[in-house]
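Raw final_34.txt, compact mmCIF, C-alpha atoms:
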# COMPACT_ATOMS: atom_id res chain seq x y z
CA MET A 962 -31.37 -11.14 -0.37
CA ALA A 963 -29.12 -9.04 -2.56
CA ALA A 964 -26.08 -7.59 -0.88
CA LYS A 965 -24.61 -4.23 -1.52
CA VAL A 966 -20.93 -4.57 -2.44
CA VAL A 967 -18.71 -1.86 -0.97
CA VAL A 968 -15.03 -1.33 -1.71
CA VAL A 969 -12.87 0.43 0.87
CA THR A 970 -10.06 1.97 -1.14
CA SER A 971 -7.59 4.87 -1.14
CA GLY A 972 -4.62 4.44 -3.46
CA LYS A 973 -2.22 5.49 -0.73
CA GLY A 974 -1.17 3.03 1.95
CA GLY A 975 -1.46 3.56 5.68
CA VAL A 976 -4.48 5.86 5.61
CA GLY A 977 -6.80 3.44 7.44
CA LYS A 978 -8.47 1.14 4.89
CA THR A 979 -8.26 -1.98 7.03
CA THR A 980 -9.30 -0.16 10.21
CA THR A 981 -12.22 1.30 8.26
CA THR A 982 -13.26 -2.04 6.76
CA ALA A 983 -13.27 -3.63 10.22
CA ALA A 984 -15.08 -0.74 11.90
CA LEU A 985 -17.70 -0.10 9.20
CA GLY A 986 -18.36 -3.82 8.81
CA ALA A 987 -18.71 -4.28 12.55
CA ALA A 988 -20.93 -1.21 12.82
CA LEU A 989 -23.30 -2.53 10.15
CA ALA A 990 -23.34 -5.97 11.78
CA GLN A 991 -23.93 -4.43 15.22
CA GLY A 992 -27.05 -2.95 13.67
CA GLY A 993 -28.25 -6.44 12.75
CA GLN A 994 -27.09 -6.52 9.13
CA LYS A 995 -25.40 -9.66 7.80
CA VAL A 996 -21.91 -8.63 6.71
CA ALA A 997 -19.01 -10.35 4.94
CA LEU A 998 -15.58 -8.69 4.91
CA ILE A 999 -13.10 -9.71 2.20
CA ASP A 1000 -9.38 -8.99 2.44
CA PHE A 1001 -7.95 -8.41 -1.07
CA ASP A 1002 -4.41 -7.72 0.08
CA VAL A 1003 -2.86 -10.97 -1.13
CA GLY A 1004 0.57 -11.52 0.39
CA LEU A 1005 0.10 -8.77 2.98
CA ARG A 1006 -3.12 -9.74 4.71
CA ASN A 1007 -3.97 -7.83 7.84
CA LEU A 1008 -7.73 -7.69 8.18
CA ASP A 1009 -7.59 -11.00 10.08
CA LEU A 1010 -5.18 -9.45 12.59
CA VAL A 1011 -7.15 -6.23 13.02
CA MET A 1012 -10.30 -8.35 13.52
CA GLY A 1013 -8.57 -10.61 16.06
CA ALA A 1014 -9.10 -13.70 13.90
CA GLU A 1015 -5.49 -14.36 12.88
CA ARG A 1016 -5.34 -17.71 14.64
CA ARG A 1017 -8.53 -19.01 13.09
CA VAL A 1018 -7.57 -18.73 9.42
CA VAL A 1019 -7.77 -22.09 7.66
CA TYR A 1020 -8.70 -21.32 4.06
CA ASP A 1021 -8.46 -18.03 2.21
CA LEU A 1022 -9.84 -16.12 -0.78
CA ILE A 1023 -7.46 -17.77 -3.25
CA ASN A 1024 -8.34 -21.25 -1.99
CA VAL A 1025 -11.97 -20.41 -2.75
CA VAL A 1026 -11.17 -18.85 -6.13
CA GLN A 1027 -9.20 -21.97 -7.09
CA GLY A 1028 -11.86 -24.34 -5.85
CA VAL A 1029 -9.69 -25.85 -3.08
CA ALA A 1030 -12.22 -24.78 -0.47
CA LYS A 1031 -15.90 -23.94 -0.52
CA LEU A 1032 -16.88 -20.42 0.47
CA PRO A 1033 -18.61 -21.42 3.75
CA GLN A 1034 -15.47 -23.31 4.81
CA ALA A 1035 -13.27 -20.26 4.30
CA LEU A 1036 -15.53 -17.69 5.98
CA ILE A 1037 -14.57 -17.02 9.60
CA LYS A 1038 -17.43 -16.11 11.90
CA ASP A 1039 -16.74 -13.25 14.28
CA LYS A 1040 -16.74 -14.23 17.97
CA ARG A 1041 -18.35 -11.03 19.20
CA ILE A 1042 -20.93 -10.17 16.57
CA GLU A 1043 -23.30 -12.88 15.41
CA THR A 1044 -23.80 -11.55 11.87
CA LEU A 1045 -20.20 -10.67 10.93
CA TRP A 1046 -17.92 -12.86 8.78
CA LEU A 1047 -14.43 -12.55 7.37
CA LEU A 1048 -12.84 -13.99 4.24
CA PRO A 1049 -9.08 -13.63 4.69
CA ALA A 1050 -6.53 -13.00 1.94
CA SER A 1051 -3.83 -15.54 1.20
CA GLN A 1052 -0.54 -14.78 2.88
CA THR A 1053 1.61 -17.10 0.79
CA ARG A 1054 0.20 -17.26 -2.72
CA ASP A 1055 1.17 -15.19 -5.69
CA LYS A 1056 -1.26 -12.31 -6.19
CA ASP A 1057 -1.70 -13.36 -9.82
CA ALA A 1058 -3.66 -16.33 -8.48
CA LEU A 1059 -6.54 -13.90 -8.04
CA THR A 1060 -8.53 -13.99 -11.27
CA GLU A 1061 -11.35 -11.72 -12.32
CA ASP A 1062 -13.68 -14.67 -12.98
CA GLY A 1063 -12.85 -16.17 -9.62
CA VAL A 1064 -13.52 -12.93 -7.75
CA ALA A 1065 -16.75 -12.47 -9.71
CA ARG A 1066 -17.95 -15.94 -8.60
CA VAL A 1067 -17.08 -15.35 -4.93
CA ILE A 1068 -18.83 -11.99 -4.86
CA ALA A 1069 -21.89 -13.31 -6.70
CA GLU A 1070 -22.20 -16.13 -4.16
CA LEU A 1071 -21.83 -13.75 -1.21
CA ARG A 1072 -24.40 -11.39 -2.71
CA GLU A 1073 -27.08 -14.06 -2.35
CA THR A 1074 -26.82 -14.57 1.40
CA TYR A 1075 -25.44 -11.35 2.85
CA ASP A 1076 -26.70 -7.78 3.21
CA TRP A 1077 -23.25 -6.25 2.79
CA VAL A 1078 -20.01 -7.42 1.20
CA ILE A 1079 -17.13 -5.13 2.12
CA CYS A 1080 -13.93 -5.43 0.10
CA ASP A 1081 -10.73 -4.22 1.77
CA SER A 1082 -8.52 -3.03 -1.07
CA PRO A 1083 -4.73 -3.20 -1.01
CA ALA A 1084 -2.85 0.08 -1.49
CA GLY A 1085 -1.75 1.03 -4.99
CA ILE A 1086 -3.53 0.73 -8.32
CA GLU A 1087 -2.34 -2.74 -9.33
CA ARG A 1088 -4.33 -5.91 -9.86
CA GLY A 1089 -5.41 -6.44 -6.23
CA ALA A 1090 -6.78 -2.92 -5.98
CA THR A 1091 -8.57 -3.01 -9.33
CA LEU A 1092 -10.11 -6.41 -8.53
CA ALA A 1093 -11.26 -5.21 -5.10
CA MET A 1094 -13.20 -2.38 -6.77
CA ARG A 1095 -14.23 -4.29 -9.89
CA PHE A 1096 -17.70 -5.46 -8.77
CA ALA A 1097 -18.49 -2.75 -6.23
CA ASP A 1098 -21.77 -0.85 -6.12
CA THR A 1099 -20.40 1.67 -3.66
CA ALA A 1100 -16.91 2.96 -2.88
CA VAL A 1101 -15.64 4.37 0.38
CA ILE A 1102 -12.51 6.37 -0.39
CA VAL A 1103 -10.44 6.71 2.76
CA THR A 1104 -8.53 9.99 2.71
CA ASN A 1105 -6.23 11.72 5.17
CA PRO A 1106 -6.22 15.54 5.09
CA GLU A 1107 -2.78 15.55 3.54
CA VAL A 1108 -1.57 16.30 -0.02
CA SER A 1109 -0.37 12.86 -1.13
CA SER A 1110 -3.46 11.11 0.19
CA VAL A 1111 -5.80 13.58 -1.54
CA ARG A 1112 -3.91 13.22 -4.82
CA ASP A 1113 -4.09 9.43 -4.67
CA SER A 1114 -7.79 9.57 -3.81
CA ASP A 1115 -8.34 11.64 -6.94
CA ARG A 1116 -6.56 9.00 -8.99
CA ILE A 1117 -8.66 6.25 -7.42
CA ILE A 1118 -11.85 8.20 -8.19
CA GLY A 1119 -10.73 8.22 -11.83
CA LEU A 1120 -10.31 4.44 -11.76
CA LEU A 1121 -13.67 3.91 -10.04
CA ASP A 1122 -15.31 5.90 -12.84
CA SER A 1123 -13.60 3.95 -15.60
CA LYS A 1124 -12.46 0.49 -14.55
CA THR A 1125 -15.33 -0.89 -12.50
CA GLU A 1126 -18.00 -3.15 -13.95
CA LYS A 1127 -20.67 -0.55 -13.21
CA ALA A 1128 -18.69 2.20 -14.96
CA GLU A 1129 -18.15 0.00 -18.01
CA LYS A 1130 -21.90 -0.62 -18.22
CA GLY A 1131 -22.42 3.13 -18.19
CA GLN A 1132 -23.81 3.14 -14.64
CA ARG A 1133 -22.58 5.31 -11.84
CA ILE A 1134 -20.71 3.85 -8.92
CA ASP A 1135 -21.74 5.45 -5.66
CA LYS A 1136 -18.68 7.18 -4.19
CA HIS A 1137 -18.10 8.58 -0.70
CA ILE A 1138 -15.12 10.19 1.00
CA LEU A 1139 -14.29 9.09 4.53
CA ILE A 1140 -11.78 11.43 6.11
CA THR A 1141 -9.63 9.73 8.73
CA ARG A 1142 -6.98 10.98 11.15
CA PHE A 1143 -8.61 14.39 11.19
CA ASP A 1144 -7.43 16.90 13.76
CA ALA A 1145 -10.01 19.68 14.03
CA ALA A 1146 -7.74 21.93 16.06
CA ARG A 1147 -4.92 21.78 13.53
CA ALA A 1148 -7.30 22.36 10.63
CA ALA A 1149 -8.72 25.39 12.44
CA ARG A 1150 -5.19 26.76 12.83
CA GLY A 1151 -4.56 26.37 9.10
CA GLU A 1152 -2.03 23.60 9.63
CA MET A 1153 -4.12 20.90 8.04
CA LEU A 1154 -6.44 20.81 5.03
CA THR A 1155 -10.01 21.37 6.18
CA ILE A 1156 -12.91 19.03 5.46
CA GLU A 1157 -14.26 21.63 3.01
CA ASP A 1158 -10.88 21.79 1.21
CA VAL A 1159 -10.77 18.03 0.70
CA LEU A 1160 -14.39 17.76 -0.43
CA GLU A 1161 -14.08 20.69 -2.81
CA ILE A 1162 -10.89 19.34 -4.38
CA LEU A 1163 -12.30 15.81 -4.79
CA SER A 1164 -15.91 16.90 -5.58
CA THR A 1165 -17.24 13.83 -3.84
CA PRO A 1166 -19.73 13.67 -0.93
CA LEU A 1167 -18.64 12.99 2.62
CA LEU A 1168 -19.48 9.78 4.46
CA GLY A 1169 -17.86 10.70 7.75
CA ILE A 1170 -15.01 12.28 9.66
CA VAL A 1171 -12.93 10.02 11.85
CA PRO A 1172 -10.84 11.99 14.33
CA GLU A 1173 -7.21 11.21 15.00
CA SER A 1174 -7.37 9.13 18.16
CA GLN A 1175 -5.32 6.78 20.27
CA GLU A 1176 -8.33 4.52 20.45
CA VAL A 1177 -7.75 3.34 16.86
CA LEU A 1178 -4.31 1.99 17.71
CA ARG A 1179 -5.59 0.43 20.91
CA ALA A 1180 -8.34 -1.35 18.98
CA SER A 1181 -5.91 -2.85 16.48
CA ASN A 1182 -3.54 -3.80 19.31
CA ILE A 1183 -6.23 -5.93 20.90
CA GLY A 1184 -7.67 -7.18 17.61
CA SER A 1185 -11.08 -5.60 17.81
CA PRO A 1186 -12.99 -3.21 15.54
CA VAL A 1187 -13.01 0.17 17.25
CA THR A 1188 -16.83 0.19 17.28
CA VAL A 1189 -16.66 -2.88 19.53
CA SER A 1190 -13.63 -2.07 21.70
CA ASP A 1191 -14.92 1.36 22.74
CA PRO A 1192 -18.26 2.26 21.15
CA ALA A 1193 -18.37 5.62 22.95
CA SER A 1194 -15.02 6.81 21.59
CA GLY A 1195 -14.79 9.51 18.91
CA PRO A 1196 -13.70 7.20 16.08
CA ALA A 1197 -16.28 4.54 16.99
CA ARG A 1198 -19.10 7.07 16.90
CA ALA A 1199 -17.84 8.40 13.59
CA TYR A 1200 -17.88 4.88 12.12
CA LEU A 1201 -21.29 4.04 13.62
CA ASP A 1202 -22.71 7.22 12.04
CA ALA A 1203 -20.96 6.50 8.74
CA ALA A 1204 -22.49 2.99 8.69
CA ARG A 1205 -25.95 4.46 9.14
CA ARG A 1206 -25.32 6.88 6.27
CA LEU A 1207 -24.23 3.95 4.10
CA LYS A 1208 -27.61 2.36 4.83
CA GLY A 1209 -29.21 5.55 3.51
CA GLU A 1210 -30.15 7.11 6.84
CA SER A 1211 -29.75 10.83 7.21
CA VAL A 1212 -27.42 11.44 10.15
CA PRO A 1213 -26.13 14.94 10.90
CA MET A 1214 -22.38 15.25 10.48
CA ALA A 1215 -20.85 15.69 13.93
CA MET A 1216 -17.27 16.51 14.66
CA PRO A 1217 -16.58 13.89 17.29
CA GLY A 1218 -13.87 15.27 19.51
CA ASP A 1219 -12.35 14.07 22.71
CA ARG A 1220 -13.95 16.90 24.65
CA LYS A 1221 -17.40 15.68 23.80
CA ARG A 1222 -16.35 12.19 24.71
CA LEU A 1223 -15.23 13.36 28.13
CA PHE A 1224 -18.51 15.19 28.52
CA ASP A 1225 -20.42 12.06 27.60
CA ARG A 1226 -18.40 9.97 30.00
CA LEU A 1227 -18.91 12.40 32.86
CA PHE A 1228 -22.63 12.40 32.35
CA GLY A 1229 -22.90 8.77 31.41
CA ARG A 1230 -24.36 9.47 28.01
CA ARG A 1231 -24.07 7.35 24.93
CA ALA A 1232 -24.26 8.33 21.30
CA ALA A 1233 -27.60 7.58 19.68
CA MET B 1060 -11.97 37.35 2.75
CA SER B 1061 -13.16 38.04 6.29
CA LEU B 1062 -10.89 38.49 9.27
CA LEU B 1063 -11.90 35.08 10.55
CA ASP B 1064 -10.94 33.51 7.24
CA PHE B 1065 -7.64 35.33 7.34
CA LEU B 1066 -6.85 34.03 10.80
CA ARG B 1067 -7.89 30.57 9.82
CA ARG B 1068 -5.76 30.56 6.70
CA ARG B 1069 -2.37 31.60 7.95
CA GLY B 1070 -0.88 28.10 8.15
CA SER B 1071 0.50 25.88 5.41
CA ALA B 1072 -2.87 24.34 4.55
CA PRO B 1073 -3.76 27.04 1.96
CA VAL B 1074 -0.52 26.28 0.14
CA ALA B 1075 -1.40 22.57 0.17
CA ARG B 1076 -4.85 23.34 -1.16
CA GLU B 1077 -3.58 25.51 -3.98
CA ARG B 1078 -0.86 23.09 -5.04
CA LEU B 1079 -3.37 20.25 -5.12
CA GLN B 1080 -5.87 22.22 -7.17
CA VAL B 1081 -3.27 23.07 -9.82
CA LEU B 1082 -1.80 19.57 -9.92
CA LEU B 1083 -5.11 17.71 -10.04
CA ALA B 1084 -6.51 19.97 -12.76
CA TYR B 1085 -3.53 18.94 -14.87
CA GLU B 1086 -3.66 15.25 -13.96
CA ARG B 1087 -7.39 15.00 -14.65
CA ALA B 1088 -6.95 16.61 -18.06
CA ASN B 1089 -4.15 14.20 -18.91
CA ARG B 1090 -5.67 10.97 -17.67
CA GLY B 1091 -4.98 8.30 -20.23
CA HIS B 1092 -2.21 10.28 -21.95
CA SER B 1093 0.39 9.60 -19.31
CA ASP B 1094 2.76 8.10 -21.88
CA LEU B 1095 2.62 11.16 -24.13
CA LEU B 1096 6.21 12.13 -23.34
CA ALA B 1097 7.52 8.67 -24.14
CA VAL B 1098 5.62 8.64 -27.44
CA LEU B 1099 6.94 12.09 -28.38
CA ARG B 1100 10.46 11.03 -27.54
CA GLU B 1101 10.28 7.94 -29.73
CA GLU B 1102 8.80 9.78 -32.69
CA ILE B 1103 11.21 12.68 -32.52
CA VAL B 1104 14.20 10.37 -32.26
CA ALA B 1105 12.90 8.34 -35.21
CA VAL B 1106 12.59 11.44 -37.43
CA ILE B 1107 16.11 12.62 -36.63
CA ALA B 1108 17.61 9.15 -36.91
CA ARG B 1109 16.32 8.99 -40.47
CA HIS B 1110 18.82 11.71 -41.40
CA ILE B 1111 21.56 11.64 -38.81
CA THR B 1112 23.10 8.84 -36.83
CA ILE B 1113 22.42 9.60 -33.18
CA ASP B 1114 22.82 7.78 -29.93
CA ARG B 1115 19.34 7.11 -28.54
CA ASP B 1116 20.61 7.50 -25.00
CA SER B 1117 21.82 11.03 -25.64
CA VAL B 1118 18.30 12.36 -26.17
CA ALA B 1119 16.84 14.19 -23.19
CA ILE B 1120 13.27 15.35 -23.17
CA LYS B 1121 11.78 17.55 -20.47
CA MET B 1122 8.40 19.06 -19.83
CA ASP B 1123 7.84 22.07 -17.64
CA ARG B 1124 4.43 23.40 -16.78
CA GLY B 1125 4.11 27.10 -16.16
CA ASP B 1126 1.03 29.12 -15.23
CA THR B 1127 0.40 30.43 -18.73
CA VAL B 1128 2.82 28.50 -20.97
CA SER B 1129 4.33 25.08 -20.81
CA THR B 1130 7.61 24.21 -22.46
CA LEU B 1131 8.82 21.04 -24.06
CA GLU B 1132 12.59 20.87 -24.04
CA ILE B 1133 14.35 18.43 -26.32
CA ASP B 1134 18.07 18.05 -26.00
CA ILE B 1135 19.79 15.90 -28.59
CA GLU B 1136 23.48 15.33 -28.57
CA ILE B 1137 24.81 15.05 -32.13
CA PRO B 1138 28.10 13.22 -32.71
CA HIS B 1139 30.92 15.34 -34.10
CA LYS B 1140 30.88 13.87 -37.61
CA ALA B 1141 27.17 14.22 -38.13
CA GLY B 1142 27.35 17.75 -36.71
CA ALA B 1143 29.94 18.76 -39.31
CA LEU B 1144 27.64 17.38 -41.97
CA LEU B 1145 24.81 19.54 -40.72
CA VAL B 1146 26.80 22.75 -40.69
CA GLY B 1147 28.55 21.95 -44.00
CA THR B 1148 25.38 21.79 -46.12

Write out the structure in this file as structure tokens.
Amino acid sequence: MAAKVVVVTSGKGGVGKTTTTAALGAALAQGGQKVALIDFDVGLRNLDLVMGAERRVVYDLINVVQGVAKLPQALIKDKRIETLWLLPASQTRDKDALTEDGVARVIAELRETYDWVICDSPAGIERGATLAMRFADTAVIVTNPEVSSVRDSDRIIGLLDSKTEKAEKGQRIDKHILITRFDAARAARGEMLTIEDVLEILSTPLLGIVPESQEVLRASNIGSPVTVSDPASGPARAYLDAARRLKGESVPMAMPGDRKRLFDRLFGRRAA
Amino acid sequence: MSLLDFLRRRGSAPVARERLQVLLAYERANRGHSDLLAVLREEIVAVIARHITIDRDSVAIKMDRGDTVSTLEIDIEIPHKAGALLVGT
């Protein structure tokens, strides 16, 4: 087995990297894939909390990098999905404890036994962020339709094309834009950048459109990926579709809105 | 531009789009030269300091990007004595 390594990145904070890591990882695992999520946000870990595993953390990424714990000891198995695992970040250590060699070893070991390794990048362009993207085959760039987020995404695209191992070997890293917190009505009124605007400015293909939704906050409140807490909701369907596209399936791009959701609920339908 | 486009484009989003396009074109072209201003400042100060004693903190350097021309503004405060020397020769 040779896993695909995905980095979920953005440059800007608060755009939905951790939510996306949890939801995409869960969506892939719900489809039977074996998935490991790694939190790279040393000192500010949150993937454990969003995944509802905060009370089960014993060892973390830095313990593994430093040889204090073996990888299988540090991986936390999800309680809802059989094939989903989490490697938390350290909350207490110095972020300099994360070394490139150490990260390379952890990822190489995970590559052997998993189908997907998803790296949740910290915000910014410092060490944690560059290490999270360093060994990636594929990047999911989480972008809000808003000027500062788009600018930071452009900067991150520049780093992905120059600072990753693949880029240095002269290979291309596979890049996708995931637009989150999208409000179709506001975009239609000219109050928000449209999907076309963002894609044209960033010249990068689209992986999915996640609508602004209360369900995302509810999911993190209860510590569950949104694809598990309410699979019929707009954001969950967007992430489930995005996960299928990551696997290489061709899924038409839908604009999942609340109206459709209501329609589906009324008629008892579920997304394919 | 069709009527539909016009109606769609009356908000602030077109402004956002245009500002981003201009800014990112510049930032992409300058990737890797982000310290150009600092380098210029150091070299200019070094050249002047070879001839006149100046206070390094009284050198201001500013860059302004226009649509067709950009300007580089260098403001160097010269102490009274050195200034007299300049005018005197």

Inset, instruction - May I ask you to extract the residues of chain A within 9 Å of chain B, using only C-alpha atoms, and to give them as an MDAnalysis selection string? - result: chainID A and resid 1107:1109 1111:1112 1115:1116 1119 1148:1155 1158:1159 1162

Inset, instruction - Write out as number ranges by chain each polymer residue whose atoms come within 9 Å of Arg1115 in chain B, counting all atoms listed in the file; drop sequence neighbours fewer than 6 positions from it. - result: B: 1104, 1108, 1135

Inset, instruction - May I have the residues within 10 Å of Val1064 in chain A as a PyMOL selection string, using all atoms listed in the file and disregarding those fewer than 3 positions away in the same chain? - result: chain A and resi 1001+1022-1023+1025-1026+1059-1061+1067-1070+1092-1093+1095-1096

Legend entry - Between CA of Asn1024 in chain A and CA of Leu989 in chain A - distance in Å to one decimal: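 The value is 26.9 Å.
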
Inset, instruction - Skip Gln1175 in chain A itself and residues of its chain fewer than 3 positions away, then list as number ranges by chain all residues within 12 Å of it, counting all atoms listed in the file. - result: A: 1142, 1171-1172, 1178-1182, 1187, 1191, 1194-1197, 1219

Inset, instruction - For Leu1045 in chain A, work out the shell of residues within 9 Å, counting all atoms listed in the file and skipping chain neighbours fewer than 2 positions away, then give it as a ChimeraX atom specification. - result: /A:986-987,989-991,994-998,1037-1043,1047

Inset, instruction - May I ask which of the residues A:Gly1063, A:Pro1186, A:Gly1089, A:Pro1083 is the closest one to Ala984 in chain A, counting all atoms listed in the file? - result: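 Using all atoms listed in the file, the shortest distance to Ala984 in chain A belongs to A:Pro1186.
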
Inset, instruction - Find the residues near Ser1117 in chain B: any atom within 10 Å, counting all atoms listed in the file, skip ones fewer than 5 places away on the same chain, and give them as a ChimeraX atom specification. - result: /B:1134-1138

Could you dump the residues just selected with C-alpha atoms as a PDB file, in the coordinates of the input?
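Contents of the output file result.pdb:
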ATOM      1  CA  ASP B1134      18.070  18.050 -26.000  1.00  0.00           C
ATOM      2  CA  ILE B1135      19.790  15.900 -28.590  1.00  0.00           C
ATOM      3  CA  GLU B1136      23.480  15.330 -28.570  1.00  0.00           C
ATOM      4  CA  ILE B1137      24.810  15.050 -32.130  1.00  0.00           C
ATOM      5  CA  PRO B1138      28.100  13.220 -32.710  1.00  0.00           C
TER       6      PRO B1138
END

Complete range 1118-1144 of chain B with N, CA and C atoms (output as a PDB file, keeping the file's coordinate frame).
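Listing of part03.pdb after writing:
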ATOM      1  N   VAL B1118      19.463  11.513 -25.911  1.00  0.00           N
ATOM      2  CA  VAL B1118      18.300  12.360 -26.170  1.00  0.00           C
ATOM      3  C   VAL B1118      17.599  12.605 -24.832  1.00  0.00           C
ATOM      4  N   ALA B1119      17.535  13.868 -24.448  1.00  0.00           N
ATOM      5  CA  ALA B1119      16.840  14.190 -23.190  1.00  0.00           C
ATOM      6  C   ALA B1119      15.596  14.995 -23.523  1.00  0.00           C
ATOM      7  N   ILE B1120      14.501  14.624 -22.894  1.00  0.00           N
ATOM      8  CA  ILE B1120      13.270  15.350 -23.170  1.00  0.00           C
ATOM      9  C   ILE B1120      12.637  15.751 -21.829  1.00  0.00           C
ATOM     10  N   LYS B1121      12.271  17.010 -21.740  1.00  0.00           N
ATOM     11  CA  LYS B1121      11.780  17.550 -20.470  1.00  0.00           C
ATOM     12  C   LYS B1121      10.527  18.373 -20.691  1.00  0.00           C
ATOM     13  N   MET B1122       9.641  18.286 -19.729  1.00  0.00           N
ATOM     14  CA  MET B1122       8.400  19.060 -19.830  1.00  0.00           C
ATOM     15  C   MET B1122       8.313  19.939 -18.594  1.00  0.00           C
ATOM     16  N   ASP B1123       7.982  21.178 -18.780  1.00  0.00           N
ATOM     17  CA  ASP B1123       7.840  22.070 -17.640  1.00  0.00           C
ATOM     18  C   ASP B1123       6.532  22.832 -17.765  1.00  0.00           C
ATOM     19  N   ARG B1124       5.721  22.729 -16.729  1.00  0.00           N
ATOM     20  CA  ARG B1124       4.430  23.400 -16.780  1.00  0.00           C
ATOM     21  C   ARG B1124       4.472  24.733 -16.087  1.00  0.00           C
ATOM     22  N   GLY B1125       4.181  25.776 -16.775  1.00  0.00           N
ATOM     23  CA  GLY B1125       4.110  27.100 -16.160  1.00  0.00           C
ATOM     24  C   GLY B1125       2.655  27.488 -15.999  1.00  0.00           C
ATOM     25  N   ASP B1126       2.406  28.686 -15.448  1.00  0.00           N
ATOM     26  CA  ASP B1126       1.030  29.120 -15.230  1.00  0.00           C
ATOM     27  C   ASP B1126       0.318  29.411 -16.543  1.00  0.00           C
ATOM     28  N   THR B1127       1.046  30.066 -17.466  1.00  0.00           N
ATOM     29  CA  THR B1127       0.400  30.430 -18.730  1.00  0.00           C
ATOM     30  C   THR B1127       0.931  29.613 -19.901  1.00  0.00           C
ATOM     31  N   VAL B1128       2.235  29.308 -19.896  1.00  0.00           N
ATOM     32  CA  VAL B1128       2.820  28.500 -20.970  1.00  0.00           C
ATOM     33  C   VAL B1128       3.547  27.294 -20.396  1.00  0.00           C
ATOM     34  N   SER B1129       3.518  26.234 -21.160  1.00  0.00           N
ATOM     35  CA  SER B1129       4.330  25.080 -20.810  1.00  0.00           C
ATOM     36  C   SER B1129       5.406  24.931 -21.867  1.00  0.00           C
ATOM     37  N   THR B1130       6.548  24.379 -21.466  1.00  0.00           N
ATOM     38  CA  THR B1130       7.610  24.210 -22.460  1.00  0.00           C
ATOM     39  C   THR B1130       7.992  22.742 -22.569  1.00  0.00           C
ATOM     40  N   LEU B1131       8.332  22.379 -23.792  1.00  0.00           N
ATOM     41  CA  LEU B1131       8.820  21.040 -24.060  1.00  0.00           C
ATOM     42  C   LEU B1131      10.263  21.218 -24.514  1.00  0.00           C
ATOM     43  N   GLU B1132      11.182  20.659 -23.750  1.00  0.00           N
ATOM     44  CA  GLU B1132      12.590  20.870 -24.040  1.00  0.00           C
ATOM     45  C   GLU B1132      13.191  19.556 -24.545  1.00  0.00           C
ATOM     46  N   ILE B1133      13.751  19.644 -25.755  1.00  0.00           N
ATOM     47  CA  ILE B1133      14.350  18.430 -26.320  1.00  0.00           C
ATOM     48  C   ILE B1133      15.838  18.683 -26.547  1.00  0.00           C
ATOM     49  N   ASP B1134      16.632  17.853 -25.940  1.00  0.00           N
ATOM     50  CA  ASP B1134      18.070  18.050 -26.000  1.00  0.00           C
ATOM     51  C   ASP B1134      18.690  16.824 -26.664  1.00  0.00           C
ATOM     52  N   ILE B1135      19.216  17.040 -27.869  1.00  0.00           N
ATOM     53  CA  ILE B1135      19.790  15.900 -28.590  1.00  0.00           C
ATOM     54  C   ILE B1135      21.270  16.138 -28.833  1.00  0.00           C
ATOM     55  N   GLU B1136      22.046  15.215 -28.386  1.00  0.00           N
ATOM     56  CA  GLU B1136      23.480  15.330 -28.570  1.00  0.00           C
ATOM     57  C   GLU B1136      23.820  14.732 -29.944  1.00  0.00           C
ATOM     58  N   ILE B1137      24.479  15.541 -30.787  1.00  0.00           N
ATOM     59  CA  ILE B1137      24.810  15.050 -32.130  1.00  0.00           C
ATOM     60  C   ILE B1137      26.308  14.752 -32.205  1.00  0.00           C
ATOM     61  N   PRO B1138      26.679  13.584 -32.622  1.00  0.00           N
ATOM     62  CA  PRO B1138      28.100  13.220 -32.710  1.00  0.00           C
ATOM     63  C   PRO B1138      28.839  14.199 -33.641  1.00  0.00           C
ATOM     64  N   HIS B1139      30.113  14.352 -33.398  1.00  0.00           N
ATOM     65  CA  HIS B1139      30.920  15.340 -34.100  1.00  0.00           C
ATOM     66  C   HIS B1139      30.785  15.261 -35.621  1.00  0.00           C
ATOM     67  N   LYS B1140      30.899  14.055 -36.151  1.00  0.00           N
ATOM     68  CA  LYS B1140      30.880  13.870 -37.610  1.00  0.00           C
ATOM     69  C   LYS B1140      29.550  14.326 -38.217  1.00  0.00           C
ATOM     70  N   ALA B1141      28.495  13.869 -37.627  1.00  0.00           N
ATOM     71  CA  ALA B1141      27.170  14.220 -38.130  1.00  0.00           C
ATOM     72  C   ALA B1141      26.941  15.717 -38.011  1.00  0.00           C
ATOM     73  N   GLY B1142      27.486  16.313 -36.948  1.00  0.00           N
ATOM     74  CA  GLY B1142      27.350  17.750 -36.710  1.00  0.00           C
ATOM     75  C   GLY B1142      28.022  18.533 -37.834  1.00  0.00           C
ATOM     76  N   ALA B1143      29.199  18.116 -38.231  1.00  0.00           N
ATOM     77  CA  ALA B1143      29.940  18.760 -39.310  1.00  0.00           C
ATOM     78  C   ALA B1143      29.120  18.709 -40.593  1.00  0.00           C
ATOM     79  N   LEU B1144      28.481  17.567 -40.787  1.00  0.00           N
ATOM     80  CA  LEU B1144      27.640  17.380 -41.970  1.00  0.00           C
ATOM     81  C   LEU B1144      26.510  18.397 -42.008  1.00  0.00           C
TER      82      LEU B1144
END
